[in-house]
Amino acid sequence: MAIDRTAILRKAEKLLRQGKLDAAIPEYVRVVEDQPRDWNTANALGDLYVRAGKIDKAVEQFIRIADALNHEGFHPKAAALYKKVLKLKPDHEHALIQGAEIAANQGRLADARSYLTTVGERRRARGDTRGAVQMTIRLGTLDPTDFGARSAAASARVQLGDVAGAVRDLKTIASELAERGRQTDAFEALRQAALLTPDDNEIRERLLALYVAAGAFAQARACAATVEQFKALAATLETKGHPGEALEALRDAARLDPADAALRTHLARAFIARGDMTTAAEYLTAESAGNDPHLLLTVAEMQLRAGKVDEGVAVARRVLDDDPARRDDIALLGWNIAEQAPEAGFQLVEVVAASAVAQSDWASAAAALQEFVTRVSNHIPALMRLVEICVDGGLEATMYSAQAQLADAYIAAGSGPEARFIAEDLVAREPWERSNIERFRRALVLLGEPDPDTLIAERLSGESPFTSTALADDAEEFPPLDLPASTPPERRAPTPKAPLESSADAVDLDGGFDDVESPVTARPTHARSESVEVDLSDDIDRPAAPADLDGVFEKLRGDTARRWDEADEQYKRGMALRDAGQMDASIEAFEAASRSPRLRFQAAALVGRMYRDRGMVPQAVEWLERAAEAPAPTAGEGHLLMYDLADMLESLGEYARALAICLELQADAGEYRDLAARVDRLAKVQT
């Protein structure tokens with residue numbers, strides 16, 4: 001039966017005004033029991049309980065109201081009621097916890113922390129350890145920036161047996177601390193996590209990263225525990241510029257995995273680079289290398305760098321005998337060794353050259369020695385061997401370059417007679433090249449000639465002409481330019497005197513010369529042409545010639561212009577013959593045109609590509625190399641020629657030379673065609 005709420009409340013109010021508190025309370029109870037969600041009446045009833053001293057009754061009433069309002073989302077009103085409860089009972093745990101939740105949601109973290117701390121202390125006081133720990137965990141969730149509370153909460157999880165949760169929290173804390181630059185605190189969080197899960201590789205790796213970032217390399221090594229971690233640490237240290245610490249980390253990895261042959265080889269090479277052959281030998285020997293060619297070559301390198309040249313060469317020869325395709329690898333080793341130990345490197349390169357010569361691969365033999373003398377300048381034995389191979393193999397362009405280097409080496413070594421003889425040969429072949437004239441002049445100075453410039457002018461003028469060691473039918477000698485009759489006797493050729501006596505050979509004036517340039521098709525030989533005497537009597541009409549170097553070169557320039565016109569005609573003829581399908585005649589014309597430096601690139605490149613199209617790759621390589629010695633008309637043409645040359649060398653199995661050309665082209669042209677992929681492929685073949 002429904003009650004008359006208004007009448008009951010009026011009656012209760014009268015009783016209160018009459019001071020009859022105990023009589024009024026039952027009336028309020030009747031209304032509240034009939035309408036439990038009448039919060040105002042319920043709150044008034046709670047207040048009456050307080051006035052009547054019935055605190056427990058009042059608290060019960062206030063808690064019921066606050067919980068309901070809190071559940072319905074009326075958090076401020078609920079918070080006010082929880083505060084009323086706490087005024088009556090400051091240690092009321094339910095009111096404290098609920099008040100803390102509301103305060104935390106409202107951002108009043110200080111109030112929330114105070115409430116939860118009170119609950120934790122109360123539970124701890126009554127021996128409820130687990131309940132107190134739960135409050136610690138809850139405190140850790142209040143403020144994301146309170147890392148102290150969060151760390152304490154993680155520790156509290158351990159007490160509850162939630163190790164996984166504790167580790168998860170510590171990892172998160174460490175990441176956030178590291179982002180804020182608090183490396184020390186991040187260390188501590190991860191250290192605690194590592195203590196809880198020693199086998200967690202993720203934690204160790206993160207600790208490694210933090211230690212390395214802080215420069216604490218000793219701690220980083222102590223933290224690493226697996227081969228992979230030591231290797232990763234070594235890579236990071238190497239990148240950061242700490243090769244010594246990186247090497248020690250790799251040694252730790254090798255101790256954990258002694259069977260890792262690649263790692264031991266890497267360590268051996270690292271100690272070789274540092275000159276520590278004793279330590280390098282701890283990781284690799286000829287016996288432990290077995291039949292692995294890579295390891296054996298590493299052993300050879302160790303022995304060569306340690307001064308055991310015979311042993312090192314023997315190991316390299318063993319590799320070459322087992323697999324001739326390793327020739328490029330051994331050549332590369334010799335070149336690298338030569339930078340620190342030239343004689344040891346030369347012996348290794350000589351093994352490679354001899355192997356190539358045995359297979360009639362003259363170009364490869366010459367290339368191996370060319371690279372060697374590029375790295376070790378003025379090495380006379382290597383240059384002599386290079387010249388010898390070029391002569392035997394008919395590699396004219398390379399031979400002339402090697403002769404020039406050999407002459408320079410003789411000059412640097414003070415060997416005047418040898419330098420003079422080679423310089424004479426070079427001047428006879430290319431008298432217009434000032435570098436050749438300069439070599440001859442330096443040789444004369446070295447031999448004590450008091451006036452080398454006058455002697456050179458007289459030699460160029462024809463008084464005692466330069467002669468070449470080339471065969472007579474191939475040679476191009478500089479025609480003598482007679483001095484006028486009025487030339488003073490002191491300007492005429494002096495009587496030759498040792499050791500400046502000129503060659504017994506004279507010059508065949510009947511043949512003249514076809515071009516100012518040296519013939520690229522000439523084949524040098526050890527045999528000298530037969531001596532041909534020249535009648536220099538006054539009854540032969542000769543054009544007057546200047547008696548100094550500038551005059552001589554002026555005459556040469558005029559002759560050169562005429563020769564250029566002839567070369568142009570040969571080039572045009574070659575193009576016409578090629579278009580007509582007469583390839584043999586076209587090649588012959590282009591070869592003639594290539595004698596002119598101005599057309600050498602275009603003509604030699606055309607000959608090389610025509611040989612390539614015929615499948616004659618070795619000849620194609622030789623002609624493209626000749627073209628590469630001349631300046632390209634445009635950068636694009638030069639890049640294309642280098643690319644084609646590398647492609648043909650690779651097809652011949654000349655991987656080292658192909659890689660060298662590709663690297664040179666990459667440095668000049670950058671991302672050219674598929675050059676990056678080709679370099680990567682050739683590098684893998686090399687290794």
# chains A, B, ... in the order shown; residues from 1 in each chain; ligands from 1
call {"tool": "residues_around", "arguments": {"residues": "range 248-256 of chain A", "least_positions_apart": "3", "cutoff": "7 Å", "atoms": "only C-alpha atoms", "output": "VMD selection string"}}
result
chain A and resid 221 227 230 to 231 233 to 234 244 to 245 263 to 264
call {"tool": "residues_around", "arguments": {"residues": "Pro26 in chain A", "least_positions_apart": "3", "cutoff": "12 Å", "atoms": "only C-alpha atoms", "output": "list in words"}}
result
Ile8, Leu9, Lys11, Ala12, Glu13, Leu15, Leu16, Lys20, Leu21, Asp22, Ala23, Val29, Arg30, Val31, Val32, Glu33, Leu45, Leu48 and Tyr49 of chain A
call {"tool": "closest_residue", "arguments": {"among": "A:Leu624, A:Ala286, A:Ile330, A:Ile456", "to": "Tyr611 in chain A", "atoms": "only C-alpha atoms"}}
result
A:Leu624
call {"tool": "residues_around", "arguments": {"residues": "Gln370 in chain A", "least_positions_apart": "5", "cutoff": "10 Å", "atoms": "only C-alpha atoms", "output": "list in words"}}
result
Ser364, Ala365, Arg375, Val376, Ala382, Leu383, Leu386, Thr398, Ser401 and Ala402 of chain A
call {"tool": "residues_around", "arguments": {"residues": "Ala605 in chain A", "least_positions_apart": "2", "cutoff": "9 Å", "atoms": "only C-alpha atoms", "output": "JSON, numbers by chain"}}
result
{"A": [600, 601, 602, 603, 607, 608, 609, 610, 620, 623, 624, 625, 626, 627, 628, 641]}
call {"tool": "atom_distance", "arguments": {"atom1": "CA of Arg64 in chain A", "atom2": "CA of Ala95 in chain A"}}
result
10.8 Å
call {"tool": "residues_around", "arguments": {"residues": "Gln570 in chain A", "least_positions_apart": "5", "cutoff": "8 Å", "atoms": "only C-alpha atoms", "output": "PDB file with N, CA and C atoms, in the first residue's frame"}}
result
ATOM      1  N   ALA A 589      90.896   0.783 -92.357  1.00  0.00           N
ATOM      2  CA  ALA A 589      90.858   2.245 -92.444  1.00  0.00           C
ATOM      3  C   ALA A 589      90.764   2.874 -91.057  1.00  0.00           C
ATOM      4  N   PHE A 590      89.933   2.299 -90.198  1.00  0.00           N
ATOM      5  CA  PHE A 590      89.798   2.841 -88.844  1.00  0.00           C
ATOM      6  C   PHE A 590      91.103   2.694 -88.060  1.00  0.00           C
ATOM      7  N   ALA A 592      94.073   2.819 -89.277  1.00  0.00           N
ATOM      8  CA  ALA A 592      94.943   3.898 -89.746  1.00  0.00           C
ATOM      9  C   ALA A 592      94.526   5.234 -89.138  1.00  0.00           C
ATOM     10  N   ALA A 593      93.213   5.475 -89.076  1.00  0.00           N
ATOM     11  CA  ALA A 593      92.727   6.740 -88.502  1.00  0.00           C
ATOM     12  C   ALA A 593      93.052   6.845 -87.020  1.00  0.00           C
TER      13      ALA A 593
END
call {"tool": "select_by_dssp", "arguments": {"residues": "range 619-681 of chain A", "states": "alpha helix (DSSP H)", "output": "VMD selection string"}}
result
chain A and resid 619 to 628 635 to 651 655 to 669 675 to 681
call {"tool": "closest_residue", "arguments": {"among": "A:Ala428, A:Ala189, A:Phe62, A:Ala358", "to": "Ala44 in chain A", "atoms": "only C-alpha atoms"}}
result
A:Phe62
call {"tool": "residues_around", "arguments": {"residues": "range 237-243 of chain A", "least_positions_apart": "3", "cutoff": "12 Å", "atoms": "only C-alpha atoms", "output": "compact mmCIF listing (two decimals) with N, CA and C atoms, in the first residue's frame"}}
result
# COMPACT_ATOMS: atom_id res chain seq x y z
N LEU A 208 72.15 -3.63 -24.14
CA LEU A 208 73.33 -3.43 -24.96
C LEU A 208 73.27 -2.07 -25.68
N ALA A 209 72.10 -1.81 -26.26
CA ALA A 209 71.94 -0.56 -27.00
C ALA A 209 72.13 0.65 -26.08
N TYR A 211 73.84 0.75 -23.23
CA TYR A 211 75.24 0.83 -22.81
C TYR A 211 76.10 1.43 -23.92
N VAL A 212 75.85 0.98 -25.14
CA VAL A 212 76.63 1.49 -26.26
C VAL A 212 76.36 2.98 -26.46
N ALA A 213 75.10 3.37 -26.38
CA ALA A 213 74.75 4.78 -26.55
C ALA A 213 75.42 5.65 -25.50
N ALA A 214 75.61 5.09 -24.31
CA ALA A 214 76.25 5.84 -23.23
C ALA A 214 77.77 5.71 -23.26
N GLY A 215 78.30 4.91 -24.18
CA GLY A 215 79.74 4.72 -24.25
C GLY A 215 80.27 3.78 -23.20
N ALA A 216 79.39 3.03 -22.57
CA ALA A 216 79.81 2.07 -21.54
C ALA A 216 80.09 0.72 -22.19
N PHE A 217 81.20 0.63 -22.90
CA PHE A 217 81.47 -0.55 -23.72
C PHE A 217 81.79 -1.78 -22.87
N ALA A 218 82.47 -1.59 -21.76
CA ALA A 218 82.78 -2.73 -20.89
C ALA A 218 81.49 -3.35 -20.36
N ALA A 220 78.61 -3.14 -21.75
CA ALA A 220 77.91 -3.75 -22.88
C ALA A 220 78.42 -5.17 -23.14
N ARG A 221 79.74 -5.33 -23.13
CA ARG A 221 80.30 -6.67 -23.34
C ARG A 221 79.88 -7.62 -22.22
N PHE A 230 77.00 -10.65 -29.37
CA PHE A 230 78.37 -10.16 -29.48
C PHE A 230 78.64 -9.63 -30.89
N LYS A 231 78.12 -10.33 -31.90
CA LYS A 231 78.32 -9.87 -33.28
C LYS A 231 77.61 -8.54 -33.51
N ALA A 232 76.38 -8.45 -33.01
CA ALA A 232 75.63 -7.19 -33.18
C ALA A 232 76.34 -6.05 -32.45
N LEU A 233 76.86 -6.35 -31.26
CA LEU A 233 77.60 -5.34 -30.52
C LEU A 233 78.83 -4.90 -31.29
N ALA A 234 79.53 -5.86 -31.86
CA ALA A 234 80.73 -5.54 -32.63
C ALA A 234 80.40 -4.65 -33.82
N ALA A 246 85.19 -3.34 -30.85
CA ALA A 246 84.46 -4.26 -31.74
C ALA A 246 85.22 -5.57 -31.89
N LEU A 247 86.52 -5.48 -32.01
CA LEU A 247 87.33 -6.68 -32.17
C LEU A 247 87.26 -7.56 -30.93
N GLU A 248 87.27 -6.95 -29.76
CA GLU A 248 87.16 -7.74 -28.53
C GLU A 248 85.80 -8.43 -28.43
N ALA A 249 84.76 -7.75 -28.88
CA ALA A 249 83.43 -8.37 -28.87
C ALA A 249 83.40 -9.58 -29.80
N LEU A 250 84.05 -9.47 -30.94
CA LEU A 250 84.10 -10.61 -31.86
C LEU A 250 84.92 -11.76 -31.27
N LEU A 267 88.37 -12.48 -37.90
CA LEU A 267 89.29 -12.08 -36.83
C LEU A 267 90.73 -12.13 -37.32
N ALA A 270 91.36 -9.15 -39.38
CA ALA A 270 91.40 -7.93 -38.58
C ALA A 270 92.75 -7.77 -37.90
N PHE A 271 93.27 -8.86 -37.36
CA PHE A 271 94.57 -8.77 -36.71
C PHE A 271 95.70 -8.61 -37.73
N ALA A 273 95.35 -6.81 -40.40
CA ALA A 273 95.30 -5.38 -40.71
C ALA A 273 95.99 -4.56 -39.63
N ARG A 274 95.98 -5.06 -38.40
CA ARG A 274 96.63 -4.34 -37.31
C ARG A 274 98.10 -4.72 -37.17
call {"tool": "closest_residue", "arguments": {"among": "A:Asp200, A:Asp451, A:Glu371, A:Glu121", "to": "Val167 in chain A", "atoms": "only C-alpha atoms"}}
result
A:Asp200
call {"tool": "residues_around", "arguments": {"residues": "Gly120 in chain A", "least_positions_apart": "6", "cutoff": "12 Å", "atoms": "only C-alpha atoms", "output": "VMD selection string"}}
result
chain A and resid 91 93 96 to 97 113 to 114 126 to 139
call {"tool": "write_last_selection", "arguments": {"atoms": "N, CA and C atoms", "output": "JSON list (two decimals), in the first residue's frame"}}
result
[["chain", "number", "residue", "atom", "x", "y", "z"],
["A", 91, "ASP", "N", 39.22, 6.33, 8.35],
["A", 91, "ASP", "CA", 39.86, 5.12, 7.84],
["A", 91, "ASP", "C", 38.89, 4.19, 7.12],
["A", 93, "GLU", "N", 37.74, 2.28, 4.46],
["A", 93, "GLU", "CA", 38.51, 1.84, 3.30],
["A", 93, "GLU", "C", 37.73, 1.98, 2.00],
["A", 96, "LEU", "N", 37.64, 5.54, 0.98],
["A", 96, "LEU", "CA", 38.95, 5.98, 0.53],
["A", 96, "LEU", "C", 39.23, 5.51, -0.90],
["A", 97, "ILE", "N", 38.95, 4.23, -1.14],
["A", 97, "ILE", "CA", 39.25, 3.69, -2.48],
["A", 97, "ILE", "C", 38.38, 4.35, -3.54],
["A", 113, "ARG", "N", 46.29, 9.97, -4.51],
["A", 113, "ARG", "CA", 47.48, 9.35, -3.92],
["A", 113, "ARG", "C", 47.35, 9.28, -2.40],
["A", 114, "SER", "N", 46.80, 10.34, -1.83],
["A", 114, "SER", "CA", 46.64, 10.37, -0.37],
["A", 114, "SER", "C", 45.67, 9.28, 0.09],
["A", 126, "ARG", "N", 47.30, -3.86, 9.67],
["A", 126, "ARG", "CA", 46.54, -4.99, 10.19],
["A", 126, "ARG", "C", 47.04, -6.33, 9.65],
["A", 127, "GLY", "N", 48.23, -6.28, 8.93],
["A", 127, "GLY", "CA", 48.86, -7.51, 8.48],
["A", 127, "GLY", "C", 48.38, -8.00, 7.14],
["A", 128, "ASP", "N", 47.63, -7.17, 6.41],
["A", 128, "ASP", "CA", 47.14, -7.57, 5.09],
["A", 128, "ASP", "C", 48.18, -7.16, 4.04],
["A", 129, "THR", "N", 49.24, -7.95, 3.94],
["A", 129, "THR", "CA", 50.33, -7.60, 3.03],
["A", 129, "THR", "C", 49.88, -7.59, 1.58],
["A", 130, "ARG", "N", 49.15, -8.58, 1.19],
["A", 130, "ARG", "CA", 48.69, -8.65, -0.19],
["A", 130, "ARG", "C", 47.83, -7.44, -0.54],
["A", 131, "GLY", "N", 46.94, -7.05, 0.40],
["A", 131, "GLY", "CA", 46.10, -5.89, 0.15],
["A", 131, "GLY", "C", 46.93, -4.62, 0.03],
["A", 132, "ALA", "N", 47.97, -4.51, 0.85],
["A", 132, "ALA", "CA", 48.83, -3.33, 0.78],
["A", 132, "ALA", "C", 49.57, -3.29, -0.56],
["A", 133, "VAL", "N", 50.05, -4.45, -1.03],
["A", 133, "VAL", "CA", 50.76, -4.52, -2.32],
["A", 133, "VAL", "C", 49.83, -4.10, -3.45],
["A", 134, "GLN", "N", 48.57, -4.50, -3.35],
["A", 134, "GLN", "CA", 47.62, -4.11, -4.39],
["A", 134, "GLN", "C", 47.48, -2.59, -4.47],
["A", 135, "MET", "N", 47.50, -1.95, -3.32],
["A", 135, "MET", "CA", 47.45, -0.48, -3.32],
["A", 135, "MET", "C", 48.70, 0.12, -3.96],
["A", 136, "THR", "N", 49.85, -0.50, -3.74],
["A", 136, "THR", "CA", 51.09, 0.00, -4.37],
["A", 136, "THR", "C", 50.98, -0.09, -5.89],
["A", 137, "ILE", "N", 50.42, -1.20, -6.35],
["A", 137, "ILE", "CA", 50.25, -1.36, -7.80],
["A", 137, "ILE", "C", 49.29, -0.29, -8.32],
["A", 138, "ARG", "N", 48.20, -0.05, -7.56],
["A", 138, "ARG", "CA", 47.23, 0.96, -8.00],
["A", 138, "ARG", "C", 47.86, 2.35, -8.00],
["A", 139, "LEU", "N", 48.70, 2.63, -7.04],
["A", 139, "LEU", "CA", 49.39, 3.92, -7.02],
["A", 139, "LEU", "C", 50.26, 4.11, -8.26]]
